[in-house]
file run_2.tsv (TSV, C-alpha atoms and all ligand atoms)
chain	number	residue	atom	x	y	z
K	13	MET	CA	119.39	116.19	86.57
K	14	LYS	CA	117.24	116.17	89.70
K	15	MET	CA	115.23	112.98	90.15
K	16	GLY	CA	111.58	113.12	91.29
K	17	LYS	CA	110.43	111.99	94.72
K	18	ILE	CA	107.98	109.48	96.16
K	19	ILE	CA	105.85	110.76	99.04
K	20	ALA	CA	103.80	108.34	101.17
K	21	VAL	CA	100.98	109.69	103.33
K	22	HIS	CA	100.48	107.39	106.30
K	23	SER	CA	99.06	107.26	109.84
K	24	TYR	CA	98.67	104.92	112.77
K	25	LYS	CA	94.91	105.20	113.03
K	26	GLY	CA	92.20	105.52	110.39
K	27	GLY	CA	90.39	108.72	109.58
K	28	THR	CA	93.30	111.07	110.30
K	29	GLY	CA	93.02	112.78	106.89
K	30	LYS	CA	95.47	110.79	104.74
K	31	THR	CA	93.21	110.72	101.70
K	32	LEU	CA	92.28	114.40	102.00
K	33	LEU	CA	95.95	115.35	102.37
K	34	SER	CA	97.14	113.07	99.53
K	35	VAL	CA	94.67	114.43	97.00
K	36	ASN	CA	95.25	118.05	97.93
K	37	LEU	CA	99.02	117.77	98.22
K	38	ALA	CA	99.18	116.12	94.79
K	39	ALA	CA	96.92	118.85	93.36
K	40	THR	CA	99.13	121.52	94.94
K	41	PHE	CA	102.30	120.05	93.40
K	42	ALA	CA	100.51	120.01	90.03
K	43	LYS	CA	99.48	123.64	90.49
K	44	HIS	CA	103.14	124.44	91.14
K	45	GLY	CA	103.88	123.05	87.68
K	46	LYS	CA	105.14	119.65	88.80
K	47	LYS	CA	104.24	116.44	87.00
K	48	VAL	CA	102.37	114.33	89.53
K	49	CYS	CA	100.82	110.89	89.89
K	50	LEU	CA	98.53	110.16	92.83
K	51	PHE	CA	98.28	106.48	93.90
K	52	ASP	CA	95.48	104.84	95.84
K	53	LEU	CA	97.36	102.17	97.81
K	54	ASP	CA	94.47	101.73	100.25
K	55	PHE	CA	93.21	98.43	98.84
K	56	ARG	CA	91.22	97.84	102.03
K	57	ALA	CA	88.95	100.82	101.36
K	58	PRO	CA	89.63	102.39	97.94
K	59	SER	CA	88.36	105.96	97.84
K	60	LEU	CA	90.18	107.99	95.19
K	61	PHE	CA	87.98	106.60	92.39
K	62	ALA	CA	84.99	108.26	94.10
K	63	ILE	CA	86.69	111.54	95.01
K	64	LEU	CA	88.11	111.93	91.50
K	65	LYS	CA	84.99	110.55	89.82
K	66	ALA	CA	86.94	107.99	87.82
K	67	GLU	CA	84.86	104.88	88.39
K	68	ASN	CA	85.13	103.13	85.03
K	69	SER	CA	88.77	102.27	84.90
K	70	GLU	CA	89.70	99.28	82.76
K	71	TYR	CA	92.91	98.52	84.63
K	72	TRP	CA	93.63	99.09	88.31
K	73	LEU	CA	96.74	99.14	90.47
K	74	ASN	CA	95.63	95.68	91.63
K	75	ASP	CA	96.22	94.44	88.06
K	76	TYR	CA	99.69	96.00	87.97
K	77	LEU	CA	100.69	94.47	91.31
K	78	ASN	CA	99.24	91.11	90.24
K	79	GLY	CA	101.51	91.22	87.18
K	80	ASN	CA	98.59	91.41	84.73
K	81	CYS	CA	99.51	94.69	83.04
K	82	GLY	CA	102.14	97.41	82.86
K	83	ILE	CA	101.79	100.61	84.91
K	84	GLU	CA	101.07	102.66	81.76
K	85	LYS	CA	97.71	100.87	81.42
K	86	VAL	CA	96.73	101.91	84.95
K	87	LEU	CA	97.57	105.63	84.84
K	88	ILE	CA	94.64	107.93	84.12
K	89	ASP	CA	95.32	111.45	82.92
K	90	LEU	CA	93.14	113.81	84.97
K	91	SER	CA	95.01	116.97	84.02
K	92	ASN	CA	91.73	118.56	82.95
K	93	ARG	CA	90.69	118.50	86.63
K	94	ILE	CA	93.66	120.64	87.68
K	95	GLN	CA	94.92	123.86	86.13
K	96	GLY	CA	98.11	123.36	84.19
K	97	LYS	CA	98.91	121.00	81.36
K	98	ASP	CA	99.54	117.29	81.25
K	99	ASN	CA	100.64	117.08	84.85
K	100	PHE	CA	98.05	115.30	87.01
K	101	HIS	CA	97.67	111.55	86.76
K	102	VAL	CA	96.14	108.95	89.05
K	103	ALA	CA	96.48	105.21	89.60
K	104	LEU	CA	93.46	103.74	91.34
K	105	ALA	CA	92.70	100.79	93.61
K	106	ASN	CA	89.85	98.54	92.49
K	107	PRO	CA	86.77	99.20	94.67
K	108	ALA	CA	84.93	95.98	93.69
K	109	THR	CA	84.13	93.73	96.65
K	110	GLU	CA	85.94	90.71	95.14
K	111	ALA	CA	89.03	92.85	94.55
K	112	ILE	CA	89.08	94.04	98.18
K	113	ARG	CA	88.70	90.48	99.43
K	114	ASP	CA	91.34	89.22	97.03
K	115	MET	CA	93.86	91.86	98.17
K	116	SER	CA	93.28	91.11	101.86
K	117	ALA	CA	94.12	87.44	101.31
K	118	LYS	CA	97.59	87.90	99.75
K	119	ASP	CA	100.48	85.99	101.28
K	120	ARG	CA	103.97	87.18	102.15
K	121	LYS	CA	105.47	85.99	98.90
K	122	TRP	CA	102.96	87.99	96.89
K	123	GLU	CA	103.66	91.06	99.04
K	124	MET	CA	107.40	90.71	98.38
K	125	ARG	CA	106.75	90.66	94.65
K	126	ALA	CA	104.40	93.63	95.00
K	127	LEU	CA	107.20	95.52	96.77
K	128	GLY	CA	109.45	94.85	93.76
K	129	LYS	CA	106.74	96.26	91.49
K	130	LEU	CA	106.38	99.39	93.60
K	131	LEU	CA	110.15	99.89	93.71
K	132	SER	CA	110.37	99.62	89.94
K	133	LEU	CA	108.01	102.62	89.60
K	134	ARG	CA	111.00	104.75	90.51
K	135	ASN	CA	112.81	103.83	87.28
K	136	VAL	CA	109.78	103.85	85.04
K	137	LEU	CA	107.84	106.88	86.30
K	138	LEU	CA	110.48	109.08	87.93
K	139	GLY	CA	113.25	108.03	85.55
K	140	GLU	CA	111.83	107.42	82.08
K	141	GLN	CA	108.56	109.36	82.32
K	142	LYS	CA	110.02	112.26	84.31
K	143	PHE	CA	107.36	112.53	86.97
K	144	ASP	CA	108.35	114.99	89.73
K	145	TYR	CA	106.20	113.45	92.47
K	146	LEU	CA	104.40	110.19	93.11
K	147	VAL	CA	102.02	110.61	96.06
K	148	PHE	CA	100.92	107.38	97.80
K	149	ASP	CA	97.69	107.36	99.80
K	150	THR	CA	97.95	104.35	102.15
K	151	SER	CA	95.95	102.25	104.61
K	152	PRO	CA	96.44	103.10	108.28
K	153	GLY	CA	98.61	101.03	110.59
K	154	LEU	CA	101.12	98.32	109.89
K	155	GLN	CA	99.50	96.43	107.03
K	156	TYR	CA	101.85	94.97	104.49
K	157	SER	CA	100.67	97.26	101.69
K	158	SER	CA	101.44	100.32	103.82
K	159	ILE	CA	104.85	99.03	104.82
K	160	ASN	CA	105.62	98.43	101.15
K	161	ALA	CA	104.56	102.00	100.38
K	162	ILE	CA	106.78	103.38	103.16
K	163	VAL	CA	109.77	101.30	102.08
K	164	THR	CA	109.36	102.63	98.54
K	165	ALA	CA	108.95	106.29	99.55
K	166	ASP	CA	111.60	108.99	99.96
K	167	PHE	CA	109.49	110.94	102.40
K	168	VAL	CA	106.60	110.01	104.72
K	169	VAL	CA	103.91	112.52	105.63
K	170	VAL	CA	102.59	111.25	108.97
K	171	ALA	CA	99.04	112.38	109.67
K	172	THR	CA	97.74	112.43	113.20
K	173	THR	CA	94.95	114.09	115.16
K	174	GLY	CA	95.02	115.28	118.74
K	175	ASP	CA	93.16	112.13	119.76
K	176	ARG	CA	94.71	110.33	122.71
K	177	SER	CA	94.18	106.96	121.08
K	178	ASP	CA	96.49	107.98	118.23
K	179	VAL	CA	99.36	109.54	120.17
K	180	ASN	CA	101.23	106.47	121.40
K	181	GLY	CA	100.87	104.51	118.18
K	182	THR	CA	102.11	107.45	116.14
K	183	LYS	CA	105.01	107.96	118.53
K	184	ARG	CA	106.01	104.30	118.21
K	185	MET	CA	105.82	104.37	114.43
K	186	LEU	CA	107.99	107.50	114.33
K	187	ARG	CA	110.60	106.01	116.67
K	188	GLU	CA	110.59	102.46	115.36
K	189	MET	CA	109.23	101.89	111.89
K	190	TYR	CA	110.15	104.96	109.88
K	191	ASN	CA	113.53	105.06	111.59
K	192	LEU	CA	114.07	101.39	110.84
K	193	PHE	CA	113.69	102.13	107.14
K	194	GLU	CA	115.63	105.40	107.51
K	195	LYS	CA	112.79	107.49	106.12
K	196	LYS	CA	112.53	111.21	106.28
K	197	THR	CA	109.26	112.17	107.93
K	198	GLY	CA	107.11	115.25	108.39
K	199	LEU	CA	104.24	115.38	110.85
K	200	VAL	CA	100.83	116.86	110.09
K	201	ILE	CA	98.62	117.44	113.09
K	202	ASN	CA	95.17	117.51	111.56
K	203	LYS	CA	91.70	118.56	112.72
K	204	VAL	CA	93.13	120.91	115.34
K	205	LEU	CA	90.38	122.68	117.28
K	206	ASP	CA	90.75	126.29	118.48
K	207	SER	CA	93.74	126.56	116.19
K	208	ALA	CA	93.67	130.36	116.30
K	209	SER	CA	94.44	130.43	120.03
K	210	LYS	CA	98.06	130.90	120.96
K	211	SER	CA	97.88	128.49	123.90
K	212	LYS	CA	96.61	125.73	121.58
K	213	LYS	CA	99.43	126.35	119.12
K	214	ASP	CA	101.99	126.32	121.92
K	215	GLU	CA	100.52	123.09	123.31
K	216	MET	CA	100.77	121.41	119.91
K	217	ASN	CA	104.30	122.64	119.29
K	218	THR	CA	105.38	121.38	122.71
K	219	ARG	CA	103.81	118.02	121.97
K	220	VAL	CA	105.64	117.80	118.66
K	221	LYS	CA	108.92	118.58	120.37
K	222	ASN	CA	108.52	116.44	123.49
K	223	VAL	CA	106.36	113.54	122.40
K	224	TYR	CA	106.86	112.99	118.70
K	225	GLN	CA	110.36	114.43	118.29
K	226	ALA	CA	109.78	114.76	114.56
K	227	PRO	CA	109.78	117.75	112.22
K	228	LEU	CA	106.39	119.48	111.98
K	229	LEU	CA	105.10	119.97	108.46
K	230	ALA	CA	101.77	121.62	109.33
K	231	LEU	CA	99.06	122.19	111.90
K	232	VAL	CA	95.73	121.89	110.07
K	233	PRO	CA	92.58	123.25	111.73
K	234	CYS	CA	89.32	121.35	111.65
K	235	PHE	CA	87.34	123.08	108.88
K	236	CYS	CA	83.56	122.69	108.73
K	237	GLU	CA	83.75	123.50	105.00
K	238	ILE	CA	85.77	120.34	104.41
K	239	LEU	CA	83.09	118.19	106.02
K	240	ARG	CA	80.34	120.11	104.27
K	241	ALA	CA	81.94	119.49	100.87
K	242	GLU	CA	81.45	115.72	101.47
K	243	GLY	CA	84.48	114.88	99.36
K	244	ASN	CA	83.16	116.71	96.30
K	245	LEU	CA	85.82	119.41	96.22
K	246	ILE	CA	89.56	119.42	95.76
K	247	PHE	CA	90.20	122.48	97.92
K	248	ALA	CA	93.67	123.11	96.51
K	249	GLN	CA	92.06	123.51	93.11
K	250	ASP	CA	88.46	124.55	93.70
K	251	LYS	CA	88.95	126.94	96.66
K	252	PRO	CA	92.13	128.88	95.85
K	253	THR	CA	91.75	131.39	98.70
K	254	HIS	CA	90.68	128.98	101.45
K	255	PRO	CA	93.08	128.80	104.42
K	256	PHE	CA	93.44	125.03	103.90
K	257	THR	CA	94.74	125.75	100.39
K	258	GLN	CA	97.28	128.18	101.83
K	259	ILE	CA	98.47	125.60	104.37
K	260	LEU	CA	98.87	123.05	101.56
K	261	ASP	CA	100.85	125.56	99.58
K	262	GLU	CA	103.31	126.01	102.41
K	263	MET	CA	103.47	122.25	103.02
K	264	ALA	CA	104.25	121.56	99.37
K	265	LYS	CA	106.89	124.28	99.33
K	266	LYS	CA	108.61	122.80	102.38
K	267	ILE	CA	108.72	119.39	100.71
K	268	GLU	CA	109.85	120.87	97.38
K	269	ALA	CA	112.62	122.78	99.14
K	270	ASN	CA	113.59	119.56	100.91
K	271	GLU	CA	113.55	121.54	104.15
K	272	VAL	CA	112.10	118.74	106.22
K	273	ASN	CA	114.60	116.23	107.50
U	301	LIG	N1	91.10	119.33	108.71
U	301	LIG	C1	89.90	118.75	108.55
U	301	LIG	N2	88.77	119.44	108.84
U	301	LIG	C2	87.56	118.86	108.69
U	301	LIG	N3	87.37	117.60	108.25
U	301	LIG	C3	88.46	116.87	107.95
U	301	LIG	C4	89.77	117.40	108.07
U	301	LIG	N4	90.64	116.43	107.69
U	301	LIG	C5	89.91	115.36	107.35
U	301	LIG	N5	88.59	115.61	107.50
U	301	LIG	C6	87.46	114.69	107.26
U	301	LIG	O1	87.69	113.53	108.04
U	301	LIG	C7	87.24	112.38	107.35
U	301	LIG	C8	88.40	111.40	107.21
U	301	LIG	O2	89.37	111.95	106.32
U	301	LIG	P1	90.14	111.02	105.30
U	301	LIG	O3	89.22	110.11	104.60
U	301	LIG	O4	91.01	111.89	104.48
U	301	LIG	O5	91.01	110.19	106.35
U	301	LIG	P2	91.89	108.90	106.07
U	301	LIG	O6	93.04	108.98	107.00
U	301	LIG	O7	92.19	108.77	104.63
U	301	LIG	O8	90.92	107.72	106.52
U	301	LIG	P3	91.17	106.15	106.28
U	301	LIG	O9	92.20	105.75	107.30
U	301	LIG	O10	89.84	105.53	106.54
U	301	LIG	O11	91.64	105.97	104.88
U	301	LIG	C9	86.72	112.86	106.00
U	301	LIG	O12	85.33	113.04	106.11
U	301	LIG	C10	87.42	114.19	105.83
U	301	LIG	O13	86.70	115.08	105.00
U	302	MG	MG	91.94	107.20	103.31

call {"tool": "encode", "arguments": {"input": "run_2.tsv", "output": "structure tokens"}}
result
Amino acid sequence: MKMGKIIAVHSYKGGTGKTLLSVNLAATFAKHGKKVCLFDLDFRAPSLFAILKAENSEYWLNDYLNGNCGIEKVLIDLSNRIQGKDNFHVALANPATEAIRDMSAKDRKWEMRALGKLLSLRNVLLGEQKFDYLVFDTSPGLQYSSINAIVTADFVVVATTGDRSDVNGTKRMLREMYNLFEKKTGLVINKVLDSASKSKKDEMNTRVKNVYQAPLLALVPCFCEILRAEGNLIFAQDKPTHPFTQILDEMAKKIEANEVN
């Protein structure tokens, strides 16, 4: 039987769209009938609790990684938010100030144990509970928690914008870090301006080929509607005909077909 996959969404810089892409990619998989769990592994700035309006969790991923509870206590069934049955779950990072401070003070030994806990999700959630996809939203850059997420993942969605300050860092991560861990990657160039113009598309495709030398998963235009929604909408679910939803559909299909290598 085919085993499920772990997808980490990562970037060099902050604000490249990791959280937006994680939520919507997970929702798209669920729409396609897959059983999905979305993880907030950004302990530095938890945000999924707010986007998914699940603020009163009793147990958080922090508790699981600290060894204070099993993963089943952390998972929240939000299937009612997405069409389809029993297929959309989330595991949230604790947004309390003490929890954020506590997580930023962890030592190497703790991080090693946390890596073991993340790796064991493969057996428990993909194996026993038959999840098709775990989607990890991460912190930007080379923090320990992000490296742990990447090591655990089968596939890394690398989000980047056209911004000059992001290009070299992203290039280095593609060449050094993901390669070091032998991870499959797919690049998303996000917030592309003038995306309808052919010269812009050509420029981006040339950059992908010459600079990043990584498979391109999607070019995502900058959409005013996304900013206007202020994080209140899951486009993949709430705006079925929006072009962003169509791009997500194609992205999810590429990953499902294992086309990206
Ligand atoms: N294609 C897009 N068009 C318009 N706005 C976008 C697009 N992608 C992301 N945004 C907006 O950019 C902001 C940052 O996005 P998001 O929070 O998903 O980034 P992030 O990489 O998770 O940030 P962080 O590194 O801080 O966690 C949000 O306000 C989001 O709505
Ligand atoms: Mg984020």

call {"tool": "closest_residue", "arguments": {"input": "run_2.tsv", "among": "K:Lys183, K:Arg56, K:Lys30, K:Lys251", "to": "Tyr156 (chain K)", "atoms": "only C-alpha atoms"}}
result
K:Arg56

call {"tool": "closest_residue", "arguments": {"input": "run_2.tsv", "among": "K:Val136, K:Leu130, K:Leu32, K:Ile112", "to": "Tyr76 (chain K)", "atoms": "only C-alpha atoms"}}
result
K:Leu130

call {"tool": "closest_residue", "arguments": {"input": "run_2.tsv", "among": "K:Ser158, K:Thr31, K:Thr173, K:Ser132", "to": "ligand MG 302 (chain U)", "atoms": "all atoms listed in the file"}}
result
K:Thr31

call {"tool": "closest_residue", "arguments": {"input": "run_2.tsv", "among": "K:Pro107, K:Pro227, K:Pro233, K:Gly16", "to": "ligand LIG 301 (chain U)", "atoms": "all atoms listed in the file"}}
result
K:Pro233

call {"tool": "residues_near_ligand", "arguments": {"input": "run_2.tsv", "ligand": "ligand LIG 301 (chain U)", "cutoff": "6 Å", "atoms": "only C-alpha atoms and all ligand atoms", "output": "list in words"}}
result
Gly26, Gly27, Thr28, Gly29, Lys30, Thr31, Leu32, Ser151, Pro152, Asn202, Lys203, Val232, Pro233, Cys234, Phe235, Cys236, Ile238 and Leu239 of chain K

call {"tool": "closest_residue", "arguments": {"input": "run_2.tsv", "among": "K:Asn80, K:Ser116, K:Thr40, K:Asn68", "to": "Leu104 (chain K)", "atoms": "all atoms listed in the file"}}
result
K:Asn68

call {"tool": "residues_around", "arguments": {"input": "run_2.tsv", "residues": "region 258-266 of chain K", "least_positions_apart": "2", "cutoff": "9 Å", "atoms": "all atoms listed in the file", "output": "VMD selection string"}}
result
chain K and resid 33 36 to 38 40 to 41 44 229 to 232 248 252 to 256 268 to 272

call {"tool": "closest_residue", "arguments": {"input": "run_2.tsv", "among": "K:Thr109, K:Asn244, K:Ser23, K:Gln249", "to": "ligand MG 302 (chain U)", "atoms": "all atoms listed in the file"}}
result
K:Ser23

call {"tool": "residues_near_point", "arguments": {"input": "run_2.tsv", "point": "(102.8, 105.2, 102.8)", "cutoff": "7 Å", "atoms": "all atoms listed in the file", "output": "ChimeraX atom specification"}}
result
/K:20-22,148-150,158-159,161-162,168

call {"tool": "axis_aligned_box", "arguments": {"input": "run_2.tsv", "around": "region 236-250 of chain K", "padding_each_side": "4 Å", "output": "lines of an AutoDock Vina configuration file"}}
result
center_x = 87.0
center_y = 119.7
center_z = 100.9
size_x = 21.3
size_y = 17.7
size_z = 23.6

call {"tool": "residues_around", "arguments": {"input": "run_2.tsv", "residues": "Val163 (chain K)", "least_positions_apart": "6", "cutoff": "12 Å", "atoms": "all atoms listed in the file", "output": "NGL selection string"}}
result
:K and (18-20 or 22 or 124 or 126-128 or 130-131 or 148 or 156-157 or 189-196)

call {"tool": "residues_around", "arguments": {"input": "run_2.tsv", "residues": "Asp89 (chain K)", "least_positions_apart": "6", "cutoff": "7 Å", "atoms": "all atoms listed in the file", "output": "VMD selection string"}}
result
chain K and resid 100 to 102

call {"tool": "atom_distance", "arguments": {"input": "run_2.tsv", "atom1": "CA of Val200 (chain K)", "atom2": "CA of Val170 (chain K)"}}
result
6.0 Å

call {"tool": "atom_distance", "arguments": {"input": "run_2.tsv", "atom1": "CA of Ala108 (chain K)", "atom2": "CA of Arg240 (chain K)"}}
result
26.7 Å
